[in-house]
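A.B. asks: File name structure.cif; file contents mmCIF, N, CA and C atoms; full text below.
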```cif
data_model
loop_
_atom_site.group_PDB
_atom_site.id
_atom_site.type_symbol
_atom_site.label_atom_id
_atom_site.label_comp_id
_atom_site.auth_asym_id
_atom_site.auth_seq_id
_atom_site.Cartn_x
_atom_site.Cartn_y
_atom_site.Cartn_z
ATOM 1 N N MET A 1 -21.823 5.780 -20.418
ATOM 2 C CA MET A 1 -21.417 4.425 -20.744
ATOM 3 C C MET A 1 -20.031 4.166 -20.158
ATOM 4 N N LEU A 2 -19.842 3.004 -19.590
ATOM 5 C CA LEU A 2 -18.585 2.657 -18.951
ATOM 6 C C LEU A 2 -17.624 2.019 -19.940
ATOM 7 N N GLY A 3 -16.350 2.382 -19.811
ATOM 8 C CA GLY A 3 -15.318 1.755 -20.621
ATOM 9 C C GLY A 3 -14.887 0.442 -19.989
ATOM 10 N N PRO A 4 -14.225 -0.441 -20.740
ATOM 11 C CA PRO A 4 -13.825 -1.740 -20.210
ATOM 12 C C PRO A 4 -12.789 -1.655 -19.096
ATOM 13 N N ASP A 5 -12.074 -0.514 -18.999
ATOM 14 C CA ASP A 5 -11.043 -0.378 -17.976
ATOM 15 C C ASP A 5 -11.483 0.497 -16.808
ATOM 16 N N GLU A 6 -12.732 0.946 -16.795
ATOM 17 C CA GLU A 6 -13.218 1.785 -15.699
ATOM 18 C C GLU A 6 -13.542 0.918 -14.480
ATOM 19 N N VAL A 7 -13.045 1.324 -13.324
ATOM 20 C CA VAL A 7 -13.246 0.558 -12.096
ATOM 21 C C VAL A 7 -14.693 0.678 -11.650
ATOM 22 N N LEU A 8 -15.348 -0.469 -11.481
ATOM 23 C CA LEU A 8 -16.739 -0.525 -11.049
ATOM 24 C C LEU A 8 -16.858 -0.744 -9.552
ATOM 25 N N ALA A 9 -15.911 -1.483 -8.977
ATOM 26 C CA ALA A 9 -15.973 -1.795 -7.553
ATOM 27 C C ALA A 9 -14.572 -2.057 -7.007
ATOM 28 N N VAL A 10 -14.400 -1.708 -5.735
ATOM 29 C CA VAL A 10 -13.168 -1.998 -5.012
ATOM 30 C C VAL A 10 -13.589 -2.846 -3.820
ATOM 31 N N SER A 11 -12.964 -3.993 -3.655
ATOM 32 C CA SER A 11 -13.335 -4.849 -2.536
ATOM 33 C C SER A 11 -12.091 -5.410 -1.873
ATOM 34 N N GLY A 12 -12.253 -5.800 -0.668
ATOM 35 C CA GLY A 12 -11.172 -6.411 0.091
ATOM 36 C C GLY A 12 -11.764 -7.097 1.295
ATOM 37 N N GLY A 13 -11.094 -8.063 1.757
ATOM 38 C CA GLY A 13 -11.586 -8.755 2.933
ATOM 39 C C GLY A 13 -11.169 -10.203 2.920
ATOM 40 N N GLY A 14 -11.135 -10.758 4.077
ATOM 41 C CA GLY A 14 -10.754 -12.150 4.184
ATOM 42 C C GLY A 14 -9.259 -12.341 4.046
ATOM 43 N N GLU A 15 -8.906 -13.581 3.888
ATOM 44 C CA GLU A 15 -7.508 -13.953 3.768
ATOM 45 C C GLU A 15 -7.358 -14.990 2.683
ATOM 46 N N ALA A 16 -6.207 -15.023 2.065
ATOM 47 C CA ALA A 16 -5.861 -16.054 1.091
ATOM 48 C C ALA A 16 -4.552 -16.681 1.553
ATOM 49 N N VAL A 17 -4.437 -17.983 1.416
ATOM 50 C CA VAL A 17 -3.209 -18.673 1.794
ATOM 51 C C VAL A 17 -2.558 -19.214 0.522
ATOM 52 N N VAL A 18 -1.313 -18.794 0.307
ATOM 53 C CA VAL A 18 -0.549 -19.229 -0.856
ATOM 54 C C VAL A 18 0.796 -19.710 -0.355
ATOM 55 N N ASP A 19 1.145 -20.945 -0.683
ATOM 56 C CA ASP A 19 2.423 -21.530 -0.237
ATOM 57 C C ASP A 19 2.611 -21.358 1.268
ATOM 58 N N CYS A 20 1.574 -21.637 2.031
ATOM 59 C CA CYS A 20 1.582 -21.577 3.503
ATOM 60 C C CYS A 20 1.800 -20.161 4.046
ATOM 61 N N ARG A 21 1.594 -19.147 3.224
ATOM 62 C CA ARG A 21 1.712 -17.753 3.672
ATOM 63 C C ARG A 21 0.348 -17.099 3.580
ATOM 64 N N LYS A 22 0.025 -16.259 4.549
ATOM 65 C CA LYS A 22 -1.251 -15.571 4.599
ATOM 66 C C LYS A 22 -1.156 -14.242 3.849
ATOM 67 N N PHE A 23 -2.138 -13.998 2.977
ATOM 68 C CA PHE A 23 -2.221 -12.759 2.219
ATOM 69 C C PHE A 23 -3.609 -12.151 2.381
ATOM 70 N N PHE A 24 -3.707 -10.855 2.151
ATOM 71 C CA PHE A 24 -4.965 -10.122 2.264
ATOM 72 C C PHE A 24 -5.272 -9.525 0.897
ATOM 73 N N PRO A 25 -6.387 -9.919 0.284
ATOM 74 C CA PRO A 25 -6.692 -9.473 -1.079
ATOM 75 C C PRO A 25 -7.388 -8.114 -1.160
ATOM 76 N N VAL A 26 -7.066 -7.376 -2.211
ATOM 77 C CA VAL A 26 -7.792 -6.169 -2.611
ATOM 78 C C VAL A 26 -8.106 -6.396 -4.086
ATOM 79 N N ALA A 27 -9.380 -6.298 -4.467
ATOM 80 C CA ALA A 27 -9.779 -6.555 -5.844
ATOM 81 C C ALA A 27 -10.375 -5.304 -6.477
ATOM 82 N N LEU A 28 -10.010 -5.079 -7.731
ATOM 83 C CA LEU A 28 -10.569 -3.997 -8.533
ATOM 84 C C LEU A 28 -11.358 -4.655 -9.654
ATOM 85 N N SER A 29 -12.648 -4.384 -9.710
ATOM 86 C CA SER A 29 -13.502 -4.983 -10.738
ATOM 87 C C SER A 29 -13.794 -3.975 -11.833
ATOM 88 N N THR A 30 -13.637 -4.421 -13.081
ATOM 89 C CA THR A 30 -13.962 -3.604 -14.248
ATOM 90 C C THR A 30 -14.893 -4.426 -15.140
ATOM 91 N N ALA A 31 -15.406 -3.796 -16.179
ATOM 92 C CA ALA A 31 -16.258 -4.510 -17.122
ATOM 93 C C ALA A 31 -15.472 -5.623 -17.826
ATOM 94 N N ALA A 32 -14.163 -5.443 -17.959
ATOM 95 C CA ALA A 32 -13.320 -6.423 -18.641
ATOM 96 C C ALA A 32 -12.878 -7.574 -17.741
ATOM 97 N N GLY A 33 -12.994 -7.419 -16.429
ATOM 98 C CA GLY A 33 -12.567 -8.466 -15.511
ATOM 99 C C GLY A 33 -12.148 -7.901 -14.166
ATOM 100 N N THR A 34 -11.483 -8.728 -13.380
ATOM 101 C CA THR A 34 -11.071 -8.341 -12.029
ATOM 102 C C THR A 34 -9.565 -8.501 -11.876
ATOM 103 N N VAL A 35 -8.958 -7.517 -11.213
ATOM 104 C CA VAL A 35 -7.541 -7.579 -10.864
ATOM 105 C C VAL A 35 -7.478 -7.710 -9.351
ATOM 106 N N GLN A 36 -6.731 -8.690 -8.861
ATOM 107 C CA GLN A 36 -6.638 -8.898 -7.423
ATOM 108 C C GLN A 36 -5.194 -8.730 -6.967
ATOM 109 N N LEU A 37 -5.011 -7.858 -5.975
ATOM 110 C CA LEU A 37 -3.708 -7.664 -5.344
ATOM 111 C C LEU A 37 -3.683 -8.503 -4.080
ATOM 112 N N LEU A 38 -2.609 -9.226 -3.852
ATOM 113 C CA LEU A 38 -2.453 -9.993 -2.619
ATOM 114 C C LEU A 38 -1.359 -9.338 -1.795
ATOM 115 N N LEU A 39 -1.745 -8.762 -0.668
ATOM 116 C CA LEU A 39 -0.805 -8.046 0.191
ATOM 117 C C LEU A 39 -0.501 -8.888 1.417
ATOM 118 N N ASP A 40 0.746 -8.823 1.894
ATOM 119 C CA ASP A 40 1.171 -9.696 2.991
ATOM 120 C C ASP A 40 0.897 -9.119 4.380
ATOM 121 N N ASN A 41 0.207 -7.993 4.441
ATOM 122 C CA ASN A 41 -0.057 -7.350 5.727
ATOM 123 C C ASN A 41 -1.456 -6.738 5.669
ATOM 124 N N GLN A 42 -2.272 -7.007 6.690
ATOM 125 C CA GLN A 42 -3.641 -6.501 6.684
ATOM 126 C C GLN A 42 -3.690 -4.973 6.702
ATOM 127 N N MET A 43 -2.755 -4.340 7.397
ATOM 128 C CA MET A 43 -2.730 -2.879 7.421
ATOM 129 C C MET A 43 -2.432 -2.336 6.016
ATOM 130 N N HIS A 44 -1.515 -2.995 5.287
ATOM 131 C CA HIS A 44 -1.236 -2.582 3.912
ATOM 132 C C HIS A 44 -2.490 -2.712 3.056
ATOM 133 N N CYS A 45 -3.260 -3.763 3.290
ATOM 134 C CA CYS A 45 -4.522 -3.965 2.568
ATOM 135 C C CYS A 45 -5.449 -2.776 2.794
ATOM 136 N N LYS A 46 -5.609 -2.379 4.034
ATOM 137 C CA LYS A 46 -6.498 -1.259 4.358
ATOM 138 C C LYS A 46 -5.991 0.046 3.752
ATOM 139 N N VAL A 47 -4.672 0.264 3.800
ATOM 140 C CA VAL A 47 -4.091 1.495 3.262
ATOM 141 C C VAL A 47 -4.255 1.548 1.745
ATOM 142 N N TRP A 48 -3.931 0.457 1.048
ATOM 143 C CA TRP A 48 -4.078 0.422 -0.402
ATOM 144 C C TRP A 48 -5.527 0.625 -0.814
ATOM 145 N N LYS A 49 -6.438 -0.071 -0.147
ATOM 146 C CA LYS A 49 -7.856 0.030 -0.483
ATOM 147 C C LYS A 49 -8.344 1.467 -0.277
ATOM 148 N N ALA A 50 -7.979 2.082 0.834
ATOM 149 C CA ALA A 50 -8.379 3.467 1.105
ATOM 150 C C ALA A 50 -7.769 4.426 0.084
ATOM 151 N N SER A 51 -6.531 4.181 -0.304
ATOM 152 C CA SER A 51 -5.871 5.040 -1.299
ATOM 153 C C SER A 51 -6.556 4.940 -2.657
ATOM 154 N N ILE A 52 -6.880 3.734 -3.064
ATOM 155 C CA ILE A 52 -7.561 3.529 -4.345
ATOM 156 C C ILE A 52 -8.934 4.189 -4.319
ATOM 157 N N GLU A 53 -9.668 3.984 -3.237
ATOM 158 C CA GLU A 53 -10.989 4.596 -3.112
ATOM 159 C C GLU A 53 -10.894 6.117 -3.118
ATOM 160 N N SER A 54 -9.862 6.657 -2.494
ATOM 161 C CA SER A 54 -9.665 8.104 -2.466
ATOM 162 C C SER A 54 -9.407 8.650 -3.864
ATOM 163 N N MET A 55 -8.575 7.955 -4.632
ATOM 164 C CA MET A 55 -8.277 8.382 -5.996
ATOM 165 C C MET A 55 -9.518 8.329 -6.887
ATOM 166 N N LEU A 56 -10.418 7.420 -6.576
ATOM 167 C CA LEU A 56 -11.615 7.238 -7.396
ATOM 168 C C LEU A 56 -12.860 7.810 -6.733
ATOM 169 N N SER A 57 -12.685 8.672 -5.742
ATOM 170 C CA SER A 57 -13.807 9.151 -4.932
ATOM 171 C C SER A 57 -14.856 9.927 -5.720
ATOM 172 N N GLY A 58 -14.494 10.453 -6.864
ATOM 173 C CA GLY A 58 -15.458 11.193 -7.678
ATOM 174 C C GLY A 58 -16.434 10.281 -8.400
ATOM 175 N N ARG A 59 -16.202 8.996 -8.355
ATOM 176 C CA ARG A 59 -17.055 8.024 -9.053
ATOM 177 C C ARG A 59 -17.869 7.230 -8.042
ATOM 178 N N LYS A 60 -18.974 6.710 -8.498
ATOM 179 C CA LYS A 60 -19.777 5.834 -7.636
ATOM 180 C C LYS A 60 -19.191 4.440 -7.692
ATOM 181 N N LEU A 61 -18.728 3.936 -6.549
ATOM 182 C CA LEU A 61 -18.134 2.610 -6.463
ATOM 183 C C LEU A 61 -18.863 1.789 -5.411
ATOM 184 N N LYS A 62 -18.806 0.487 -5.564
ATOM 185 C CA LYS A 62 -19.288 -0.400 -4.517
ATOM 186 C C LYS A 62 -18.117 -0.608 -3.565
ATOM 187 N N HIS A 63 -18.339 -0.422 -2.266
ATOM 188 C CA HIS A 63 -17.267 -0.524 -1.272
ATOM 189 C C HIS A 63 -17.517 -1.704 -0.351
ATOM 190 N N THR A 64 -16.462 -2.412 0.017
ATOM 191 C CA THR A 64 -16.535 -3.446 1.032
ATOM 192 C C THR A 64 -15.373 -3.270 1.983
ATOM 193 N N LYS A 65 -15.440 -3.915 3.124
ATOM 194 C CA LYS A 65 -14.394 -3.775 4.143
ATOM 195 C C LYS A 65 -13.234 -4.709 3.870
ATOM 196 N N CYS A 66 -12.051 -4.309 4.338
ATOM 197 C CA CYS A 66 -10.852 -5.167 4.300
ATOM 198 C C CYS A 66 -10.906 -6.098 5.473
#
```
Would you mind giving the structure from this file in structure tokens?

C.D. replies:
Amino acid sequence: MLGPDEVLAVSGGGEAVVDCRKFFPVALSTAAGTVQLLLDNQMHCKVWKASIESMLSGRKLKHTKC
């Protein structure tokens, strides 16, 4: 059984524009909701997403591209 804070999926991709600035989202989905990080550099997006996936590699996660 999954807890409300257990990460179910890690996703990233696309771009978000906030106050005329481009950001790259990385989202962590849990049973309780989704947390979205907005990073100002696409390479940072890829690095963060890979790091999170690496830390959670023992679990089955849904993966998407940055």

A.B. asks: Given the choices A:Leu56, A:Ala50, A:Val10, A:Cys45, which gets closest to Ala27 in chain A if the distance is worked out from all atoms listed in the file?

C.D. replies: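 Ranking A:Leu56, A:Ala50, A:Val10, A:Cys45 by distance to Ala27 in chain A, first place goes to A:Val10.
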
A.B. asks: So which one's closest to Trp48 in chain A, A:Leu8, A:Arg21, A:Val26, A:Gly13? Using all atoms listed in the file, please.

C.D. replies: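 Closest candidate: A:Val26.
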
A.B. asks: I'd like the contact shell of range 38-44 of chain A - 5 Å cut-off, all atoms listed in the file, skipping same-chain residues fewer than 6 positions apart - returned as a compact mmCIF listing (two decimals) with N, CA and C atoms, in the coordinates of the input.

C.D. replies:
```
# COMPACT_ATOMS: atom_id res chain seq x y z
N PHE A 23 -2.14 -14.00 2.98
CA PHE A 23 -2.22 -12.76 2.22
C PHE A 23 -3.61 -12.15 2.38
N PHE A 24 -3.71 -10.86 2.15
CA PHE A 24 -4.96 -10.12 2.26
C PHE A 24 -5.27 -9.52 0.90
N PRO A 25 -6.39 -9.92 0.28
CA PRO A 25 -6.69 -9.47 -1.08
C PRO A 25 -7.39 -8.11 -1.16
```

A.B. asks: Expanded to explicit residues, what is the PyMOL selection byres ((chain A and resi 7) around 5) for this file, as a PDB file with N, CA and C atoms, in the frame of the given file?

C.D. replies:
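In the end it all went to out.pdb:
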```pdb
ATOM      1  N   ASP A   5     -12.074  -0.514 -18.999  1.00  0.00           N
ATOM      2  CA  ASP A   5     -11.043  -0.378 -17.976  1.00  0.00           C
ATOM      3  C   ASP A   5     -11.483   0.497 -16.808  1.00  0.00           C
ATOM      4  N   GLU A   6     -12.732   0.946 -16.795  1.00  0.00           N
ATOM      5  CA  GLU A   6     -13.218   1.785 -15.699  1.00  0.00           C
ATOM      6  C   GLU A   6     -13.542   0.918 -14.480  1.00  0.00           C
ATOM      7  N   LEU A   8     -15.348  -0.469 -11.481  1.00  0.00           N
ATOM      8  CA  LEU A   8     -16.739  -0.525 -11.049  1.00  0.00           C
ATOM      9  C   LEU A   8     -16.858  -0.744  -9.552  1.00  0.00           C
ATOM     10  N   ALA A   9     -15.911  -1.483  -8.977  1.00  0.00           N
ATOM     11  CA  ALA A   9     -15.973  -1.795  -7.553  1.00  0.00           C
ATOM     12  C   ALA A   9     -14.572  -2.057  -7.007  1.00  0.00           C
ATOM     13  N   SER A  29     -12.648  -4.384  -9.710  1.00  0.00           N
ATOM     14  CA  SER A  29     -13.502  -4.983 -10.738  1.00  0.00           C
ATOM     15  C   SER A  29     -13.794  -3.975 -11.833  1.00  0.00           C
ATOM     16  N   THR A  30     -13.637  -4.421 -13.081  1.00  0.00           N
ATOM     17  CA  THR A  30     -13.962  -3.604 -14.248  1.00  0.00           C
ATOM     18  C   THR A  30     -14.893  -4.426 -15.140  1.00  0.00           C
TER      19      THR A  30
END
```

A.B. asks: Mind giving me the axis-aligned box for range 30-36 of chain A with 3 Å on every side, centre plus edges in Å to one decimal, as lines of an AutoDock Vina configuration file?

C.D. replies:
```
center_x = -10.7
center_y = -6.3
center_z = -12.8
size_x = 17.1
size_y = 11.3
size_z = 17.7
```

A.B. asks: Which value, in Å to one decimal, gives the distance between atom N of Gly12 in chain A and CA of Lys49 in chain A?

C.D. replies: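 Interatomic distance here is 7.3 Å.
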
A.B. asks: At what distance in Å, to one decimal, does CA of Lys22 in chain A lie from atom C of Val35 in chain A?

C.D. replies: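 Between these atoms lies a distance of 17.2 Å.
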
A.B. asks: Would you work out the distance separating atom C of Ser11 in chain A from CA of Leu28 in chain A, expressed in Å to one decimal?

C.D. replies: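 We find that atom C of Ser11 in chain A and CA of Leu28 in chain A lie 7.0 Å from each other.
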